[in-house]
>>> print(open('work.cif').read())   # mmCIF, N, CA and C atoms
data_input
loop_
_atom_site.label_atom_id
_atom_site.label_comp_id
_atom_site.auth_asym_id
_atom_site.auth_seq_id
_atom_site.Cartn_x
_atom_site.Cartn_y
_atom_site.Cartn_z
N MET A 4 81.92 115.62 99.58
CA MET A 4 82.21 116.41 98.39
C MET A 4 83.65 116.19 97.92
N ALA A 5 84.59 116.15 98.86
CA ALA A 5 85.99 115.93 98.48
C ALA A 5 86.18 114.56 97.86
N GLU A 6 85.44 113.55 98.36
CA GLU A 6 85.54 112.21 97.80
C GLU A 6 85.10 112.20 96.35
N MET A 7 84.00 112.89 96.05
CA MET A 7 83.50 112.95 94.68
C MET A 7 84.50 113.68 93.80
N SER A 8 85.09 114.73 94.31
CA SER A 8 86.09 115.47 93.56
C SER A 8 87.28 114.58 93.21
N SER A 9 87.73 113.77 94.16
CA SER A 9 88.84 112.85 93.91
C SER A 9 88.46 111.80 92.89
N GLN A 10 87.25 111.28 93.00
CA GLN A 10 86.79 110.28 92.04
C GLN A 10 86.74 110.86 90.64
N ILE A 11 86.27 112.07 90.51
CA ILE A 11 86.20 112.72 89.20
C ILE A 11 87.60 112.94 88.65
N ALA A 12 88.53 113.41 89.49
CA ALA A 12 89.91 113.65 89.05
C ALA A 12 90.58 112.36 88.60
N ILE A 13 90.39 111.28 89.35
CA ILE A 13 90.99 109.99 88.98
C ILE A 13 90.37 109.49 87.68
N GLY A 14 89.06 109.63 87.55
CA GLY A 14 88.38 109.22 86.31
C GLY A 14 88.90 109.98 85.10
N ARG A 15 89.09 111.26 85.26
CA ARG A 15 89.61 112.08 84.15
C ARG A 15 91.04 111.68 83.80
N ALA A 16 91.85 111.41 84.81
CA ALA A 16 93.23 110.98 84.55
C ALA A 16 93.25 109.66 83.80
N LEU A 17 92.38 108.73 84.19
CA LEU A 17 92.30 107.45 83.49
C LEU A 17 91.83 107.63 82.05
N ASP A 18 90.83 108.49 81.84
CA ASP A 18 90.35 108.77 80.48
C ASP A 18 91.46 109.35 79.63
N GLN A 19 92.24 110.25 80.20
CA GLN A 19 93.35 110.86 79.45
C GLN A 19 94.41 109.82 79.12
N LEU A 20 94.70 108.91 80.04
CA LEU A 20 95.66 107.85 79.77
C LEU A 20 95.21 106.97 78.62
N ARG A 21 93.92 106.65 78.60
CA ARG A 21 93.39 105.82 77.52
C ARG A 21 93.48 106.54 76.18
N ALA A 22 93.22 107.84 76.19
CA ALA A 22 93.22 108.62 74.95
C ALA A 22 94.63 108.90 74.44
N ASP A 23 95.57 109.15 75.35
CA ASP A 23 96.92 109.57 74.97
C ASP A 23 97.83 108.40 74.61
N LYS A 24 97.48 107.20 75.00
CA LYS A 24 98.38 106.06 74.81
C LYS A 24 99.75 106.39 75.39
N SER A 25 99.76 106.83 76.62
CA SER A 25 100.96 107.34 77.27
C SER A 25 101.97 106.28 77.69
N GLY A 26 101.66 105.02 77.47
CA GLY A 26 102.61 103.98 77.84
C GLY A 26 102.39 103.42 79.23
N ILE A 27 101.36 103.87 79.93
CA ILE A 27 101.03 103.32 81.24
C ILE A 27 99.61 102.79 81.16
N SER A 28 99.45 101.53 81.52
CA SER A 28 98.13 100.90 81.47
C SER A 28 97.30 101.31 82.68
N THR A 29 96.03 100.97 82.62
CA THR A 29 95.13 101.28 83.74
C THR A 29 95.60 100.57 85.01
N SER A 30 96.04 99.33 84.89
CA SER A 30 96.50 98.61 86.09
C SER A 30 97.79 99.21 86.63
N GLU A 31 98.69 99.63 85.74
CA GLU A 31 99.92 100.29 86.19
C GLU A 31 99.59 101.62 86.86
N PHE A 32 98.59 102.32 86.32
CA PHE A 32 98.16 103.57 86.93
C PHE A 32 97.64 103.32 88.34
N ALA A 33 96.88 102.25 88.52
CA ALA A 33 96.35 101.92 89.84
C ALA A 33 97.48 101.63 90.83
N VAL A 34 98.50 100.91 90.37
CA VAL A 34 99.66 100.63 91.23
C VAL A 34 100.39 101.92 91.58
N ALA A 35 100.57 102.78 90.58
CA ALA A 35 101.26 104.06 90.83
C ALA A 35 100.45 104.93 91.78
N LEU A 36 99.14 104.95 91.61
CA LEU A 36 98.29 105.72 92.51
C LEU A 36 98.39 105.17 93.93
N GLY A 37 98.41 103.85 94.05
CA GLY A 37 98.60 103.24 95.37
C GLY A 37 99.93 103.64 95.99
N ALA A 38 100.97 103.70 95.15
CA ALA A 38 102.30 104.12 95.64
C ALA A 38 102.25 105.55 96.17
N LEU A 39 101.55 106.42 95.45
CA LEU A 39 101.44 107.81 95.91
C LEU A 39 100.68 107.90 97.23
N ILE A 40 99.63 107.12 97.35
CA ILE A 40 98.87 107.11 98.61
C ILE A 40 99.77 106.60 99.74
N TYR A 41 100.55 105.59 99.45
CA TYR A 41 101.46 105.04 100.47
C TYR A 41 102.52 106.08 100.85
N LEU A 42 103.04 106.82 99.87
CA LEU A 42 104.01 107.87 100.16
C LEU A 42 103.40 108.94 101.06
N ARG A 43 102.15 109.27 100.82
CA ARG A 43 101.47 110.27 101.64
C ARG A 43 101.33 109.75 103.07
N TRP A 44 100.93 108.48 103.18
CA TRP A 44 100.79 107.89 104.50
C TRP A 44 102.13 107.82 105.22
N ALA A 45 103.19 107.44 104.50
CA ALA A 45 104.52 107.36 105.10
C ALA A 45 104.98 108.72 105.60
N ASP A 46 104.65 109.76 104.86
CA ASP A 46 104.99 111.12 105.30
C ASP A 46 104.25 111.46 106.59
N PHE A 47 102.99 111.06 106.65
CA PHE A 47 102.21 111.28 107.87
C PHE A 47 102.84 110.54 109.05
N GLN A 48 103.25 109.29 108.82
CA GLN A 48 103.90 108.50 109.87
C GLN A 48 105.19 109.17 110.35
N ASP A 49 106.00 109.62 109.39
CA ASP A 49 107.25 110.30 109.75
C ASP A 49 106.97 111.55 110.58
N ALA A 50 105.98 112.34 110.17
CA ALA A 50 105.65 113.56 110.90
C ALA A 50 105.18 113.23 112.31
N GLU A 51 104.40 112.17 112.43
CA GLU A 51 103.93 111.76 113.76
C GLU A 51 105.09 111.31 114.65
N GLN A 52 106.02 110.54 114.08
CA GLN A 52 107.19 110.10 114.84
C GLN A 52 108.07 111.28 115.26
N GLU A 53 108.18 112.27 114.38
CA GLU A 53 108.94 113.48 114.72
C GLU A 53 108.28 114.20 115.89
N ALA A 54 106.95 114.27 115.87
CA ALA A 54 106.23 114.95 116.96
C ALA A 54 106.40 114.20 118.28
N VAL A 55 106.33 112.88 118.23
CA VAL A 55 106.53 112.08 119.45
C VAL A 55 107.94 112.29 119.98
N ALA A 56 108.92 112.30 119.10
CA ALA A 56 110.32 112.51 119.53
C ALA A 56 110.49 113.89 120.15
N ALA A 57 109.86 114.88 119.56
CA ALA A 57 109.96 116.24 120.12
C ALA A 57 109.32 116.28 121.51
N PHE A 58 108.19 115.62 121.67
CA PHE A 58 107.52 115.59 122.97
C PHE A 58 108.38 114.88 124.01
N ASP A 59 109.01 113.77 123.59
CA ASP A 59 109.85 113.00 124.50
C ASP A 59 111.25 113.58 124.64
N ASP A 60 111.52 114.65 123.94
CA ASP A 60 112.83 115.30 123.92
C ASP A 60 113.92 114.30 123.51
N SER A 61 113.63 113.56 122.42
CA SER A 61 114.59 112.61 121.88
C SER A 61 114.80 112.91 120.39
N HIS A 62 115.74 112.22 119.81
CA HIS A 62 116.09 112.44 118.41
C HIS A 62 115.34 111.46 117.51
N TYR A 63 114.84 111.95 116.39
CA TYR A 63 114.21 111.07 115.40
C TYR A 63 114.80 111.41 114.03
N GLU A 64 115.28 110.40 113.34
CA GLU A 64 115.83 110.55 112.00
C GLU A 64 114.78 110.11 110.99
N PRO A 65 114.23 111.05 110.21
CA PRO A 65 113.22 110.65 109.23
C PRO A 65 113.79 109.70 108.18
N ILE A 66 112.94 108.88 107.61
CA ILE A 66 113.36 107.90 106.61
C ILE A 66 113.84 108.60 105.34
N LEU A 67 113.09 109.60 104.91
CA LEU A 67 113.44 110.35 103.70
C LEU A 67 113.88 111.75 104.08
N PRO A 68 114.80 112.34 103.32
CA PRO A 68 115.19 113.73 103.60
C PRO A 68 114.02 114.68 103.35
N ALA A 69 114.04 115.80 104.00
CA ALA A 69 112.94 116.76 103.92
C ALA A 69 112.62 117.19 102.49
N ALA A 70 113.61 117.25 101.64
CA ALA A 70 113.40 117.70 100.25
C ALA A 70 112.49 116.76 99.47
N ILE A 71 112.38 115.51 99.89
CA ILE A 71 111.51 114.60 99.16
C ILE A 71 110.39 114.03 100.03
N HIS A 72 109.98 114.79 101.04
CA HIS A 72 108.77 114.47 101.79
C HIS A 72 107.57 114.91 100.97
N TRP A 73 106.49 114.18 101.09
CA TRP A 73 105.24 114.53 100.40
C TRP A 73 104.87 115.98 100.69
N ARG A 74 104.99 116.39 101.92
CA ARG A 74 104.59 117.75 102.30
C ARG A 74 105.41 118.81 101.58
N THR A 75 106.58 118.42 101.07
CA THR A 75 107.43 119.35 100.33
C THR A 75 107.12 119.35 98.85
N TYR A 76 106.91 118.17 98.26
CA TYR A 76 106.81 118.12 96.80
C TYR A 76 105.40 118.04 96.24
N HIS A 77 104.37 117.88 97.05
CA HIS A 77 103.03 117.70 96.49
C HIS A 77 102.53 118.90 95.70
N SER A 78 103.08 120.06 95.93
CA SER A 78 102.61 121.26 95.22
C SER A 78 103.64 121.81 94.23
N LEU A 79 104.61 121.00 93.86
CA LEU A 79 105.62 121.44 92.88
C LEU A 79 105.00 121.62 91.50
N PRO A 80 105.61 122.45 90.65
CA PRO A 80 105.16 122.53 89.26
C PRO A 80 105.32 121.17 88.58
N VAL A 81 104.51 120.91 87.57
CA VAL A 81 104.46 119.59 86.93
C VAL A 81 105.82 119.12 86.45
N GLU A 82 106.60 119.99 85.81
CA GLU A 82 107.91 119.58 85.28
C GLU A 82 108.85 119.15 86.40
N ARG A 83 108.86 119.90 87.47
CA ARG A 83 109.74 119.58 88.61
C ARG A 83 109.26 118.30 89.31
N LEU A 84 107.94 118.16 89.43
CA LEU A 84 107.38 116.96 90.05
C LEU A 84 107.71 115.73 89.22
N GLN A 85 107.62 115.84 87.91
CA GLN A 85 107.93 114.71 87.04
C GLN A 85 109.39 114.29 87.21
N LYS A 86 110.31 115.26 87.27
CA LYS A 86 111.73 114.94 87.47
C LYS A 86 111.94 114.25 88.81
N LEU A 87 111.29 114.76 89.83
CA LEU A 87 111.41 114.17 91.16
C LEU A 87 110.90 112.73 91.16
N LEU A 88 109.74 112.50 90.53
CA LEU A 88 109.13 111.16 90.52
C LEU A 88 109.88 110.18 89.63
N SER A 89 110.47 110.66 88.55
CA SER A 89 111.14 109.74 87.63
C SER A 89 112.61 109.52 87.97
N ASP A 90 113.25 110.47 88.62
CA ASP A 90 114.69 110.38 88.88
C ASP A 90 115.04 110.30 90.36
N GLU A 91 114.75 111.35 91.09
CA GLU A 91 115.25 111.49 92.45
C GLU A 91 114.60 110.55 93.46
N LEU A 92 113.27 110.53 93.47
CA LEU A 92 112.57 109.73 94.47
C LEU A 92 112.78 108.23 94.29
N PRO A 93 112.69 107.67 93.07
CA PRO A 93 112.94 106.23 92.94
C PRO A 93 114.36 105.82 93.36
N VAL A 94 115.34 106.66 93.07
CA VAL A 94 116.72 106.35 93.48
C VAL A 94 116.81 106.32 95.00
N ARG A 95 116.22 107.31 95.64
CA ARG A 95 116.27 107.36 97.10
C ARG A 95 115.51 106.19 97.73
N LEU A 96 114.33 105.89 97.17
CA LEU A 96 113.55 104.76 97.68
C LEU A 96 114.29 103.45 97.45
N GLY A 97 114.92 103.32 96.27
CA GLY A 97 115.67 102.11 95.96
C GLY A 97 116.87 101.91 96.87
N SER A 98 117.42 102.99 97.37
CA SER A 98 118.60 102.89 98.24
C SER A 98 118.25 102.46 99.66
N LEU A 99 116.97 102.48 99.99
CA LEU A 99 116.58 102.11 101.35
C LEU A 99 116.83 100.64 101.63
N GLY A 100 116.61 99.79 100.64
CA GLY A 100 116.87 98.37 100.80
C GLY A 100 115.97 97.71 101.81
N ASN A 101 116.37 96.54 102.22
CA ASN A 101 115.61 95.74 103.16
C ASN A 101 116.16 95.96 104.56
N GLU A 102 115.65 96.94 105.24
CA GLU A 102 116.13 97.29 106.57
C GLU A 102 115.27 96.62 107.63
N ARG A 103 115.82 95.63 108.28
CA ARG A 103 115.04 94.87 109.27
C ARG A 103 114.60 95.72 110.45
N HIS A 104 115.40 96.71 110.79
CA HIS A 104 115.05 97.54 111.94
C HIS A 104 114.00 98.59 111.61
N ASN A 105 113.68 98.74 110.31
CA ASN A 105 112.71 99.76 109.92
C ASN A 105 111.79 99.23 108.82
N PRO A 106 110.64 98.65 109.21
CA PRO A 106 109.73 98.08 108.21
C PRO A 106 109.20 99.11 107.22
N LEU A 107 109.03 100.35 107.66
CA LEU A 107 108.54 101.38 106.74
C LEU A 107 109.54 101.62 105.61
N ALA A 108 110.81 101.63 105.92
CA ALA A 108 111.84 101.79 104.89
C ALA A 108 111.80 100.64 103.89
N THR A 109 111.58 99.43 104.38
CA THR A 109 111.50 98.26 103.51
C THR A 109 110.32 98.41 102.54
N GLN A 110 109.18 98.83 103.05
CA GLN A 110 108.00 99.00 102.20
C GLN A 110 108.20 100.13 101.19
N LEU A 111 108.83 101.20 101.61
CA LEU A 111 109.10 102.30 100.67
C LEU A 111 110.05 101.84 99.57
N HIS A 112 111.00 101.02 99.92
CA HIS A 112 111.93 100.46 98.93
C HIS A 112 111.17 99.68 97.86
N ARG A 113 110.15 98.96 98.27
CA ARG A 113 109.40 98.11 97.36
C ARG A 113 108.54 98.89 96.36
N ILE A 114 108.20 100.14 96.66
CA ILE A 114 107.36 100.90 95.73
C ILE A 114 108.17 101.74 94.74
N ALA A 115 109.48 101.69 94.82
CA ALA A 115 110.33 102.49 93.92
C ALA A 115 110.01 102.29 92.44
N PRO A 116 109.84 101.05 91.94
CA PRO A 116 109.53 100.88 90.52
C PRO A 116 108.20 101.51 90.10
N ALA A 117 107.20 101.46 90.97
CA ALA A 117 105.91 102.07 90.65
C ALA A 117 106.03 103.58 90.57
N VAL A 118 106.81 104.18 91.47
CA VAL A 118 107.01 105.63 91.46
C VAL A 118 107.76 106.05 90.20
N GLU A 119 108.77 105.27 89.83
CA GLU A 119 109.53 105.59 88.62
C GLU A 119 108.64 105.51 87.38
N LYS A 120 107.80 104.52 87.32
CA LYS A 120 106.88 104.36 86.18
C LYS A 120 105.93 105.55 86.11
N LEU A 121 105.45 105.99 87.25
CA LEU A 121 104.55 107.15 87.29
C LEU A 121 105.26 108.40 86.79
N GLY A 122 106.52 108.56 87.12
CA GLY A 122 107.30 109.72 86.66
C GLY A 122 107.44 109.76 85.15
N ARG A 123 107.52 108.58 84.54
CA ARG A 123 107.63 108.52 83.08
C ARG A 123 106.30 108.80 82.44
#
>>> encode(input="work.cif", output="structure tokens")
Amino acid sequence: MAEMSSQIAIGRALDQLRADKSGISTSEFAVALGALIYLRWADFQDAEQEAVAAFDDSHYEPILPAAIHWRTYHSLPVERLQKLLSDELPVRLGSLGNERHNPLATQLHRIAPAVEKLGR
């Protein structure tokens, strides 16, 4: 049931994009949606690493600050979420750069343009 609900929501969003001429194409929307899914997965990975560190009684430094974790911003009001996606999150993702010691940071850096486009 949840899968069908997601499919319907994505279909409606695509229909609205086509009708509104919002400046984002269907393919750009797909890339942005993929970026959001990746951000959700990255948040899950960070949370799991934090749990492992707590169990091992060691320190873990999350890749992104708590204020811009998916678990923090997924339920923000639309205006605040748009500002976060168009301004704050792309800048933070862009600052991660190509970190050889942290492949997740490198991948998050690469999705910054898609996140910024989604914010617009």
>>> residues_around(input="work.cif", residues="range 102-118 of chain A", least_positions_apart="4", cutoff="7 Å", atoms="only N, CA and C atoms", output="list in words")
Val34, Ala35, Ala38, Leu39, Ile66, Leu88, Ser89, Leu92, Pro93, Val94, Arg95, Leu96, Gly97, Ser98, Gly122 and Arg123 of chain A
>>> select_by_dssp(input="work.cif", residues="range 39-81 of chain A", states="helix (DSSP H, G or I)", output="PyMOL selection string")
chain A and resi 39-59+69-71+73-76+81
>>> write_last_selection(input="work.cif", atoms="N, CA and C atoms", output="mmCIF file, keeping the file's coordinate frame")
data_model
loop_
_atom_site.group_PDB
_atom_site.id
_atom_site.type_symbol
_atom_site.label_atom_id
_atom_site.label_comp_id
_atom_site.auth_asym_id
_atom_site.auth_seq_id
_atom_site.Cartn_x
_atom_site.Cartn_y
_atom_site.Cartn_z
ATOM 1 N N LEU A 39 101.550 106.420 95.450
ATOM 2 C CA LEU A 39 101.440 107.810 95.910
ATOM 3 C C LEU A 39 100.680 107.900 97.230
ATOM 4 N N ILE A 40 99.630 107.120 97.350
ATOM 5 C CA ILE A 40 98.870 107.110 98.610
ATOM 6 C C ILE A 40 99.770 106.600 99.740
ATOM 7 N N TYR A 41 100.550 105.590 99.450
ATOM 8 C CA TYR A 41 101.460 105.040 100.470
ATOM 9 C C TYR A 41 102.520 106.080 100.850
ATOM 10 N N LEU A 42 103.040 106.820 99.870
ATOM 11 C CA LEU A 42 104.010 107.870 100.160
ATOM 12 C C LEU A 42 103.400 108.940 101.060
ATOM 13 N N ARG A 43 102.150 109.270 100.820
ATOM 14 C CA ARG A 43 101.470 110.270 101.640
ATOM 15 C C ARG A 43 101.330 109.750 103.070
ATOM 16 N N TRP A 44 100.930 108.480 103.180
ATOM 17 C CA TRP A 44 100.790 107.890 104.500
ATOM 18 C C TRP A 44 102.130 107.820 105.220
ATOM 19 N N ALA A 45 103.190 107.440 104.500
ATOM 20 C CA ALA A 45 104.520 107.360 105.100
ATOM 21 C C ALA A 45 104.980 108.720 105.600
ATOM 22 N N ASP A 46 104.650 109.760 104.860
ATOM 23 C CA ASP A 46 104.990 111.120 105.300
ATOM 24 C C ASP A 46 104.250 111.460 106.590
ATOM 25 N N PHE A 47 102.990 111.060 106.650
ATOM 26 C CA PHE A 47 102.210 111.280 107.870
ATOM 27 C C PHE A 47 102.840 110.540 109.050
ATOM 28 N N GLN A 48 103.250 109.290 108.820
ATOM 29 C CA GLN A 48 103.900 108.500 109.870
ATOM 30 C C GLN A 48 105.190 109.170 110.350
ATOM 31 N N ASP A 49 106.000 109.620 109.390
ATOM 32 C CA ASP A 49 107.250 110.300 109.750
ATOM 33 C C ASP A 49 106.970 111.550 110.580
ATOM 34 N N ALA A 50 105.980 112.340 110.170
ATOM 35 C CA ALA A 50 105.650 113.560 110.900
ATOM 36 C C ALA A 50 105.180 113.230 112.310
ATOM 37 N N GLU A 51 104.400 112.170 112.430
ATOM 38 C CA GLU A 51 103.930 111.760 113.760
ATOM 39 C C GLU A 51 105.090 111.310 114.650
ATOM 40 N N GLN A 52 106.020 110.540 114.080
ATOM 41 C CA GLN A 52 107.190 110.100 114.840
ATOM 42 C C GLN A 52 108.070 111.280 115.260
ATOM 43 N N GLU A 53 108.180 112.270 114.380
ATOM 44 C CA GLU A 53 108.940 113.480 114.720
ATOM 45 C C GLU A 53 108.280 114.200 115.890
ATOM 46 N N ALA A 54 106.950 114.270 115.870
ATOM 47 C CA ALA A 54 106.230 114.950 116.960
ATOM 48 C C ALA A 54 106.400 114.200 118.280
ATOM 49 N N VAL A 55 106.330 112.880 118.230
ATOM 50 C CA VAL A 55 106.530 112.080 119.450
ATOM 51 C C VAL A 55 107.940 112.290 119.980
ATOM 52 N N ALA A 56 108.920 112.300 119.100
ATOM 53 C CA ALA A 56 110.320 112.510 119.530
ATOM 54 C C ALA A 56 110.490 113.890 120.150
ATOM 55 N N ALA A 57 109.860 114.880 119.560
ATOM 56 C CA ALA A 57 109.960 116.240 120.120
ATOM 57 C C ALA A 57 109.320 116.280 121.510
ATOM 58 N N PHE A 58 108.190 115.620 121.670
ATOM 59 C CA PHE A 58 107.520 115.590 122.970
ATOM 60 C C PHE A 58 108.380 114.880 124.010
ATOM 61 N N ASP A 59 109.010 113.770 123.590
ATOM 62 C CA ASP A 59 109.850 113.000 124.500
ATOM 63 C C ASP A 59 111.250 113.580 124.640
ATOM 64 N N ALA A 69 114.040 115.800 104.000
ATOM 65 C CA ALA A 69 112.940 116.760 103.920
ATOM 66 C C ALA A 69 112.620 117.190 102.490
ATOM 67 N N ALA A 70 113.610 117.250 101.640
ATOM 68 C CA ALA A 70 113.400 117.700 100.250
ATOM 69 C C ALA A 70 112.490 116.760 99.470
ATOM 70 N N ILE A 71 112.380 115.510 99.890
ATOM 71 C CA ILE A 71 111.510 114.600 99.160
ATOM 72 C C ILE A 71 110.390 114.030 100.030
ATOM 73 N N TRP A 73 106.490 114.180 101.090
ATOM 74 C CA TRP A 73 105.240 114.530 100.400
ATOM 75 C C TRP A 73 104.870 115.980 100.690
ATOM 76 N N ARG A 74 104.990 116.390 101.920
ATOM 77 C CA ARG A 74 104.590 117.750 102.300
ATOM 78 C C ARG A 74 105.410 118.810 101.580
ATOM 79 N N THR A 75 106.580 118.420 101.070
ATOM 80 C CA THR A 75 107.430 119.350 100.330
ATOM 81 C C THR A 75 107.120 119.350 98.850
ATOM 82 N N TYR A 76 106.910 118.170 98.260
ATOM 83 C CA TYR A 76 106.810 118.120 96.800
ATOM 84 C C TYR A 76 105.400 118.040 96.240
ATOM 85 N N VAL A 81 104.510 120.910 87.570
ATOM 86 C CA VAL A 81 104.460 119.590 86.930
ATOM 87 C C VAL A 81 105.820 119.120 86.450
#
>>> atom_distance(input="work.cif", atom1="CA of Gly14 in chain A", atom2="CA of Arg43 in chain A")
20.2 Å
>>> residues_around(input="work.cif", residues="Pro65 in chain A", least_positions_apart="2", cutoff="8 Å", atoms="only N, CA and C atoms", output="list in words")
Asp49, Ala50, Gln52, Glu53, His62, Tyr63, Leu67, Pro68 and Ala69 of chain A
>>> decode(input="work.cif", residues="range 87-104 of chain A", atoms="N, CA and C atoms", output="PDB file, in the first residue's frame")
ATOM      1  N   LEU A  87      16.252  25.502   2.669  1.00  0.00           N
ATOM      2  CA  LEU A  87      17.286  24.539   3.024  1.00  0.00           C
ATOM      3  C   LEU A  87      17.822  23.837   1.775  1.00  0.00           C
ATOM      4  N   LEU A  88      16.918  23.407   0.885  1.00  0.00           N
ATOM      5  CA  LEU A  88      17.327  22.676  -0.318  1.00  0.00           C
ATOM      6  C   LEU A  88      18.010  23.566  -1.346  1.00  0.00           C
ATOM      7  N   SER A  89      17.621  24.824  -1.421  1.00  0.00           N
ATOM      8  CA  SER A  89      18.206  25.691  -2.446  1.00  0.00           C
ATOM      9  C   SER A  89      19.457  26.416  -1.972  1.00  0.00           C
ATOM     10  N   ASP A  90      19.591  26.645  -0.679  1.00  0.00           N
ATOM     11  CA  ASP A  90      20.710  27.439  -0.169  1.00  0.00           C
ATOM     12  C   ASP A  90      21.658  26.651   0.736  1.00  0.00           C
ATOM     13  N   GLU A  91      21.156  26.212   1.865  1.00  0.00           N
ATOM     14  CA  GLU A  91      22.015  25.657   2.910  1.00  0.00           C
ATOM     15  C   GLU A  91      22.606  24.290   2.574  1.00  0.00           C
ATOM     16  N   LEU A  92      21.753  23.362   2.159  1.00  0.00           N
ATOM     17  CA  LEU A  92      22.223  22.002   1.923  1.00  0.00           C
ATOM     18  C   LEU A  92      23.191  21.906   0.745  1.00  0.00           C
ATOM     19  N   PRO A  93      22.921  22.549  -0.413  1.00  0.00           N
ATOM     20  CA  PRO A  93      23.899  22.464  -1.505  1.00  0.00           C
ATOM     21  C   PRO A  93      25.270  23.048  -1.142  1.00  0.00           C
ATOM     22  N   VAL A  94      25.276  24.130  -0.372  1.00  0.00           N
ATOM     23  CA  VAL A  94      26.552  24.725   0.045  1.00  0.00           C
ATOM     24  C   VAL A  94      27.317  23.747   0.926  1.00  0.00           C
ATOM     25  N   ARG A  95      26.617  23.140   1.865  1.00  0.00           N
ATOM     26  CA  ARG A  95      27.269  22.187   2.767  1.00  0.00           C
ATOM     27  C   ARG A  95      27.762  20.951   2.005  1.00  0.00           C
ATOM     28  N   LEU A  96      26.918  20.446   1.094  1.00  0.00           N
ATOM     29  CA  LEU A  96      27.321  19.290   0.296  1.00  0.00           C
ATOM     30  C   LEU A  96      28.495  19.641  -0.602  1.00  0.00           C
ATOM     31  N   GLY A  97      28.460  20.842  -1.189  1.00  0.00           N
ATOM     32  CA  GLY A  97      29.545  21.285  -2.051  1.00  0.00           C
ATOM     33  C   GLY A  97      30.860  21.440  -1.321  1.00  0.00           C
ATOM     34  N   SER A  98      30.793  21.745  -0.042  1.00  0.00           N
ATOM     35  CA  SER A  98      32.022  21.938   0.738  1.00  0.00           C
ATOM     36  C   SER A  98      32.687  20.622   1.128  1.00  0.00           C
ATOM     37  N   LEU A  99      31.991  19.516   0.941  1.00  0.00           N
ATOM     38  CA  LEU A  99      32.569  18.232   1.329  1.00  0.00           C
ATOM     39  C   LEU A  99      33.747  17.857   0.444  1.00  0.00           C
ATOM     40  N   GLY A 100      33.666  18.174  -0.831  1.00  0.00           N
ATOM     41  CA  GLY A 100      34.774  17.908  -1.742  1.00  0.00           C
ATOM     42  C   GLY A 100      35.034  16.430  -1.938  1.00  0.00           C
ATOM     43  N   ASN A 101      36.196  16.147  -2.462  1.00  0.00           N
ATOM     44  CA  ASN A 101      36.596  14.782  -2.760  1.00  0.00           C
ATOM     45  C   ASN A 101      37.458  14.262  -1.620  1.00  0.00           C
ATOM     46  N   GLU A 102      36.829  13.682  -0.637  1.00  0.00           N
ATOM     47  CA  GLU A 102      37.532  13.199   0.542  1.00  0.00           C
ATOM     48  C   GLU A 102      37.851  11.713   0.382  1.00  0.00           C
ATOM     49  N   ARG A 103      39.100  11.409   0.168  1.00  0.00           N
ATOM     50  CA  ARG A 103      39.497  10.018  -0.077  1.00  0.00           C
ATOM     51  C   ARG A 103      39.218   9.114   1.118  1.00  0.00           C
ATOM     52  N   HIS A 104      39.300   9.665   2.308  1.00  0.00           N
ATOM     53  CA  HIS A 104      39.090   8.845   3.495  1.00  0.00           C
ATOM     54  C   HIS A 104      37.614   8.604   3.779  1.00  0.00           C
TER      55      HIS A 104
END
